[in-house]
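Asker: Quick one: structure below, then a few questions.
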Amino acid sequence: MKLEVVVLAAGQGTRMRSSLPKVLHPLANRPLLSHVLDSARTLMPVRIHVVIGHGSELVREALDAKDLVWVMQEEQLGTGHAVLQAMPGIDADSTVLVLYGDVPLLRASTLEGLIDNCPALLTANLDDPDGYGRVLRDSGDQLQGVVEHKDASDEQRAVREINTGVLAYPAALLAEYLPRVGNANAQGEYYLPDILSMAVNEGHCVAALRANEASEVMGINDRVQLAEAETVYRQRAAEALMLAGVSLADPARIDVRGSLNCGRDVFIDVNCVFEGEVTLGEGVRIGPSCLVRNSTIAAGTEVHALSHIDESDVGDNCSVGPYARLRPGTTLAKGARIGNFVEIKKALIGEGSKVNHLSYVGDAELGDGVNVGAGTITCNYDGVNKHKTRLGDGVFVGSNSTLVAPLEVGAGGFVAAGSTVTRDVPESALGVSRAKQRNIDGWQTPKQRADDEKNQAQGD
């Protein structure tokens with residue numbers, strides 16, 4: 001039977017106290033709804049219907065994709081009403097999985113279990129079930145229905161098993177029962193769980209499957225719960241990394257905000273953040289408080305403390321940092337060294353080349369074995385256009401040099417310390433551009449001159 005997914009994402013989320021629709025608030029740097037859609041996509045449905053309402057244009061703009069069918073719920077009249085809006089676009093012979101845009105931590109294996117036992121409802125046992133609908137079972141532990149907290153008796157409120165709202169149901173039964181759902185309840189809403197008791201009363205058996213972890217069904221209604229979900233997400237990511245052979249200095253102090261793929265024997269120190277698609281090769285070591293975004297770092301490389309690597313490709317056995325910044329478009333070849341307070345942007349640094357101290361290299365190509373001295377900068381921008389600097393194999397650039405692009409220094413060339421180089425330097429030549437030094441005997445500091453003037457005035 002083919003699968004169709006309905007994601008309910010129309011709510012305003014007033015408790016977030018934000019102009020941003022609740023489902024667009026970020027978890028691990030991505031919208032809540034994005035996590036739900038990713039889980040749905042792992043199930044290979046034929047269609048994903050997203051029911052939107054509050055902030056609909058913002059939601060569509062942020063997450064629009066070819067595999068999504070957007071369904072408008074003009075009035076938010078309850079979950080049953082929301083699913084009903086999607087039914088005209090659902091084939092009668094489908095299985096329908098209902099998810100929620102603010103429940104981002106569901107595992108694919110849990111959802112597969114629901115689909116396999118359709119019709120089925122996902123439940124969870126909570127220490128504090130206050131505010132949730134309670135699951136009602138008979139003496140044989142079979143599901144009888146769900147009662148909302150505000151409509152429940154004291155005895156029913158003592159039940160700790162709650163309705164998550166997530167369910168798998170045959171489309172034909174949904175089409176039959178949803179129009180019959182009423183709103184005679186404390187909230188005056190059309191509740192989706194009412195279809196469960198209808199099915200049971202008509203002789204259908206509905207499975208009620210308990211989630212293995214209460215955190216898996218956590219809904220996000222305010223920023224406190226969002227922070228709690230962030231903690232769960234971090235813990236999951238850390239556990240997955242360690243089980244894959246990664247050593248973490250402190251599993252509670254790593255943030256994976258995307259995809260982090262690691263080879264064997266990787267070590268990650270505390271307070272590191274990984275964003276987007278990141279790959280770390282075998283034996284890579286990441287020092288404390290580093291940020292790595294959409295980058296590849298090859299085997300044996302060490303990134304020292306407080307370094308930023310953004311959209312860069314770092315080769316084998318390199319050294320980066322501390323306090324280094326690799327900006328988008330940077331490529332380091334094998335054995336390259338980027339030292340403290342060095343910024344590299346849109347540059348190729350050749351094999352074994354070194355930019356070790358307090359330098360900026362942008363829009364440049366450095367050959368193999370190049371040494372760039374401390375305080376060197378490439379002047380790559382003339383106010384309108386960017387220009388390239390090319391340093392051949394074995395070039396040595398002395399400290400405090402200014403390389404004004406477009407510029408080429410040939411293989412084996414030298415640039416004398418303190419030079420401002422505006423013309424190409426041929427192979428094996430020395431480029432020097434300095435003012436002639438002169439020494440002034442008897443030079444006085446401003447304080448010394450002021451003291452002399454004061455003493456002279458007192459003598460007069």
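All residue names refer to the structure tokens as shown: chains lettered A, B, ... in order, residues numbered from 1 in each chain, ligands numbered from 1 in order.
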Find the residues around range 397-410 of chain A up to 10 Å (only C-alpha atoms counted), leave out those fewer than 2 positions away in its own chain, and share them as JSON, numbers by chain.
Answerer: {"A": [355, 357, 358, 359, 360, 361, 363, 364, 365, 366, 367, 370, 371, 372, 373, 374, 375, 376, 377, 378, 379, 380, 381, 382, 386, 387, 388, 389, 390, 391, 392, 393, 394, 395, 412, 413, 414, 415, 416, 417, 418, 419, 420, 421, 422, 423, 424, 425, 426, 427, 428, 429, 430, 431, 432, 433]}
Asker: What is the CA of Glu302 in chain A to CA of Leu241 in chain A distance in Å?
Answerer: 18.4 Å
Asker: Skipping near chain neighbours, those fewer than 6 positions away, what residues fall within 12 Å of Asp138 in chain A using only C-alpha atoms, listed as a list of chain:residue names?
Answerer: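 Surrounding residues, per the criterion: A:Gln144, A:Gly145, A:Val146, A:Val200, A:Ala208.
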Asker: I'd like the contact shell of Pro31 in chain A - 12 Å cut-off, only C-alpha atoms, skipping same-chain residues fewer than 5 positions apart - returned as a ChimeraX atom specification.
Answerer: /A:9,20-26,36-38,58-59,62-63,101-104,220,226,230,257-258
Asker: Store the residues of this selection in a file with N, CA and C atoms, as a PDB file, in the first residue's frame.
Answerer:
ATOM      1  N   ALA A   9       1.056  21.956  10.257  1.00  0.00           N
ATOM      2  CA  ALA A   9       1.998  23.045  10.541  1.00  0.00           C
ATOM      3  C   ALA A   9       1.318  24.402  10.433  1.00  0.00           C
ATOM      4  N   LEU A  20       7.884  35.094  14.163  1.00  0.00           N
ATOM      5  CA  LEU A  20       8.229  33.969  13.288  1.00  0.00           C
ATOM      6  C   LEU A  20       7.284  32.800  13.563  1.00  0.00           C
ATOM      7  N   PRO A  21       6.709  32.187  12.515  1.00  0.00           N
ATOM      8  CA  PRO A  21       5.870  30.997  12.742  1.00  0.00           C
ATOM      9  C   PRO A  21       6.629  29.943  13.536  1.00  0.00           C
ATOM     10  N   LYS A  22       5.930  29.279  14.431  1.00  0.00           N
ATOM     11  CA  LYS A  22       6.592  28.336  15.339  1.00  0.00           C
ATOM     12  C   LYS A  22       7.423  27.293  14.598  1.00  0.00           C
ATOM     13  N   VAL A  23       6.895  26.761  13.501  1.00  0.00           N
ATOM     14  CA  VAL A  23       7.589  25.664  12.812  1.00  0.00           C
ATOM     15  C   VAL A  23       8.860  26.121  12.111  1.00  0.00           C
ATOM     16  N   LEU A  24       9.101  27.430  12.074  1.00  0.00           N
ATOM     17  CA  LEU A  24      10.341  27.930  11.472  1.00  0.00           C
ATOM     18  C   LEU A  24      11.410  28.250  12.509  1.00  0.00           C
ATOM     19  N   HIS A  25      11.090  28.106  13.788  1.00  0.00           N
ATOM     20  CA  HIS A  25      12.120  28.319  14.804  1.00  0.00           C
ATOM     21  C   HIS A  25      13.182  27.232  14.674  1.00  0.00           C
ATOM     22  N   PRO A  26      14.454  27.598  14.854  1.00  0.00           N
ATOM     23  CA  PRO A  26      15.534  26.657  14.537  1.00  0.00           C
ATOM     24  C   PRO A  26      15.844  25.666  15.645  1.00  0.00           C
ATOM     25  N   VAL A  36      11.106  17.502  10.595  1.00  0.00           N
ATOM     26  CA  VAL A  36       9.945  16.626  10.396  1.00  0.00           C
ATOM     27  C   VAL A  36       9.885  16.150   8.946  1.00  0.00           C
ATOM     28  N   LEU A  37      10.124  17.063   8.017  1.00  0.00           N
ATOM     29  CA  LEU A  37      10.088  16.691   6.596  1.00  0.00           C
ATOM     30  C   LEU A  37      11.193  15.701   6.257  1.00  0.00           C
ATOM     31  N   ASP A  38      12.358  15.865   6.854  1.00  0.00           N
ATOM     32  CA  ASP A  38      13.448  14.911   6.611  1.00  0.00           C
ATOM     33  C   ASP A  38      13.061  13.515   7.080  1.00  0.00           C
ATOM     34  N   LEU A  58       5.612  32.707   4.701  1.00  0.00           N
ATOM     35  CA  LEU A  58       6.967  32.547   5.236  1.00  0.00           C
ATOM     36  C   LEU A  58       7.369  31.081   5.253  1.00  0.00           C
ATOM     37  N   VAL A  59       6.436  30.217   5.641  1.00  0.00           N
ATOM     38  CA  VAL A  59       6.743  28.789   5.703  1.00  0.00           C
ATOM     39  C   VAL A  59       7.035  28.248   4.309  1.00  0.00           C
ATOM     40  N   ALA A  62      10.421  29.430   2.970  1.00  0.00           N
ATOM     41  CA  ALA A  62      11.579  28.839   3.633  1.00  0.00           C
ATOM     42  C   ALA A  62      11.830  27.395   3.218  1.00  0.00           C
ATOM     43  N   LEU A  63      10.755  26.634   2.915  1.00  0.00           N
ATOM     44  CA  LEU A  63      10.905  25.182   2.775  1.00  0.00           C
ATOM     45  C   LEU A  63      10.300  24.600   1.510  1.00  0.00           C
ATOM     46  N   GLY A 101       4.407  19.525  12.709  1.00  0.00           N
ATOM     47  CA  GLY A 101       5.559  20.354  12.381  1.00  0.00           C
ATOM     48  C   GLY A 101       6.357  20.820  13.571  1.00  0.00           C
ATOM     49  N   ASP A 102       5.817  20.655  14.787  1.00  0.00           N
ATOM     50  CA  ASP A 102       6.547  21.066  15.983  1.00  0.00           C
ATOM     51  C   ASP A 102       6.977  19.870  16.832  1.00  0.00           C
ATOM     52  N   VAL A 103       7.006  18.675  16.236  1.00  0.00           N
ATOM     53  CA  VAL A 103       7.494  17.467  16.918  1.00  0.00           C
ATOM     54  C   VAL A 103       8.659  16.922  16.085  1.00  0.00           C
ATOM     55  N   PRO A 104       9.875  17.430  16.319  1.00  0.00           N
ATOM     56  CA  PRO A 104      10.975  17.201  15.373  1.00  0.00           C
ATOM     57  C   PRO A 104      11.890  16.019  15.674  1.00  0.00           C
ATOM     58  N   ILE A 220       7.143  21.156  20.681  1.00  0.00           N
ATOM     59  CA  ILE A 220       7.769  22.441  21.007  1.00  0.00           C
ATOM     60  C   ILE A 220       6.689  23.518  21.030  1.00  0.00           C
ATOM     61  N   LEU A 226      12.044  24.330  23.410  1.00  0.00           N
ATOM     62  CA  LEU A 226      12.978  24.345  22.279  1.00  0.00           C
ATOM     63  C   LEU A 226      14.402  24.080  22.755  1.00  0.00           C
ATOM     64  N   GLU A 230      16.897  20.920  21.904  1.00  0.00           N
ATOM     65  CA  GLU A 230      18.275  21.129  21.441  1.00  0.00           C
ATOM     66  C   GLU A 230      19.233  20.230  22.222  1.00  0.00           C
ATOM     67  N   ARG A 257      25.182  20.786  13.727  1.00  0.00           N
ATOM     68  CA  ARG A 257      24.046  21.467  13.114  1.00  0.00           C
ATOM     69  C   ARG A 257      24.007  21.155  11.620  1.00  0.00           C
ATOM     70  N   GLY A 258      23.945  19.880  11.341  1.00  0.00           N
ATOM     71  CA  GLY A 258      23.946  19.424   9.953  1.00  0.00           C
ATOM     72  C   GLY A 258      24.402  17.986   9.918  1.00  0.00           C
TER      73      GLY A 258
END
Asker: Please report, as a list in words, each residue of range 370-452 of chain A to which DSSP assigns strand (DSSP E or B) when run on this structure's backbone.
Answerer: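 Those residues are Asn371, Val372, Ile377, Thr378, Cys379, Tyr381, Lys386, Thr389, Arg390, Leu391, Phe396, Val397, Thr402, Leu403, Val404, Leu407, Glu408, Val409, Phe414, Val415, Thr420, Val421, Val425, Leu430 and Gly431 of chain A.
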Asker: Where does DSSP see helix (DSSP H, G or I) in range 110-292 of chain A, if you list the residues as an MDAnalysis selection string?
Answerer: chainID A and resid 110:116 149:151 154:157 171:180 194:201 214:217 223:243
Asker: Using only C-alpha atoms, which of the listed residues (A:Asp255, A:Asp151, A:Asp368, A:Glu202) sits closest to Arg236 in chain A?
Answerer: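 Closest residue, counting only C-alpha atoms: A:Asp255.
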Asker: Which residues are close to Asp265 in chain A, i.e. within 9 Å by only C-alpha atoms, leaving aside same-chain residues fewer than 4 positions away? Reply as a ChimeraX atom specification.
Answerer: /A:245-247,281-285
Asker: Convert the current residue selection to file output with N, CA and C atoms, as a CSV table (one decimal), in the first residue's frame.
Answerer:
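Everything below was put into out-v5.csv:
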chain,number,residue,atom,x,y,z
A,245,GLY,N,33.2,5.6,16.6
A,245,GLY,CA,34.6,5.6,16.8
A,245,GLY,C,35.2,7.0,17.0
A,246,VAL,N,34.4,8.0,17.2
A,246,VAL,CA,35.0,9.4,17.5
A,246,VAL,C,35.1,9.6,19.0
A,247,SER,N,36.3,10.2,19.4
A,247,SER,CA,36.5,10.5,20.8
A,247,SER,C,36.1,12.0,21.0
A,281,GLY,N,38.6,13.5,8.1
A,281,GLY,CA,39.3,12.3,7.8
A,281,GLY,C,39.9,11.6,9.0
A,282,GLU,N,40.4,10.4,8.7
A,282,GLU,CA,41.0,9.6,9.8
A,282,GLU,C,42.1,10.3,10.6
A,283,GLY,N,42.0,10.2,11.9
A,283,GLY,CA,43.0,10.8,12.8
A,283,GLY,C,43.0,12.3,12.9
A,284,VAL,N,42.0,13.0,12.4
A,284,VAL,CA,41.9,14.4,12.5
A,284,VAL,C,41.6,14.8,14.0
A,285,ARG,N,42.3,15.9,14.4
A,285,ARG,CA,42.1,16.4,15.8
A,285,ARG,C,41.6,17.9,15.7
Asker: Contacts of Met218 in chain A at 10 Å or less, counting only C-alpha atoms, minus same-chain residues fewer than 4 places along, as an MDAnalysis selection string?
Answerer: chainID A and resid 102:106 124 164 213:214 225:226 228:229 232
Asker: Put those residues in a file: C-alpha atoms, as a tab-separated table (two decimals), in the first residue's frame.
Answerer:
chain	number	residue	atom	x	y	z
A	102	ASP	CA	6.55	21.07	15.98
A	103	VAL	CA	7.49	17.47	16.92
A	104	PRO	CA	10.97	17.20	15.37
A	105	LEU	CA	12.68	14.31	17.21
A	106	LEU	CA	10.74	11.27	16.00
A	124	ALA	CA	4.09	7.76	25.34
A	164	THR	CA	1.03	12.08	20.83
A	213	GLU	CA	11.70	7.47	24.66
A	214	ALA	CA	9.45	10.27	25.89
A	225	GLN	CA	10.96	23.30	25.31
A	226	LEU	CA	12.98	24.34	22.28
A	228	GLU	CA	15.25	21.02	25.88
A	229	ALA	CA	14.90	19.62	22.35
A	232	VAL	CA	18.29	15.95	23.22
Asker: Go through A:Ala244, A:Ile286, A:Met198, A:Val147 one by one, measure the shortest atom-to-atom distance of each to Tyr177 in chain A using only C-alpha atoms, and give the residue with the smallest value.
Answerer: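 Among the listed residues, A:Met198 lies closest to Tyr177 in chain A.
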Asker: Name all residues at most 8 Å from Thr330 in chain A (count only C-alpha atoms; drop same-chain ones fewer than 4 positions away) and give them as a ChimeraX atom specification.
Answerer: /A:311-314,326,344-349
Asker: Return the single residue from A:Gly131, A:Tyr190, A:Arg137, A:Asp316 that is closest to His149 in chain A, with distances computed using only C-alpha atoms.
Answerer: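 Once distances to His149 in chain A are computed over only C-alpha atoms, the minimum belongs to A:Gly131.
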Asker: Would you mind reading off the distance between CA of Ile52 in chain A and CA of Ile195 in chain A, one decimal, in Å?
Answerer: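 A separation of 21.8 Å between them.
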Asker: Could you tell me how far CA of Ala65 in chain A sits from CA of Val256 in chain A, in Å to one decimal place?
Answerer: 24.1 Å
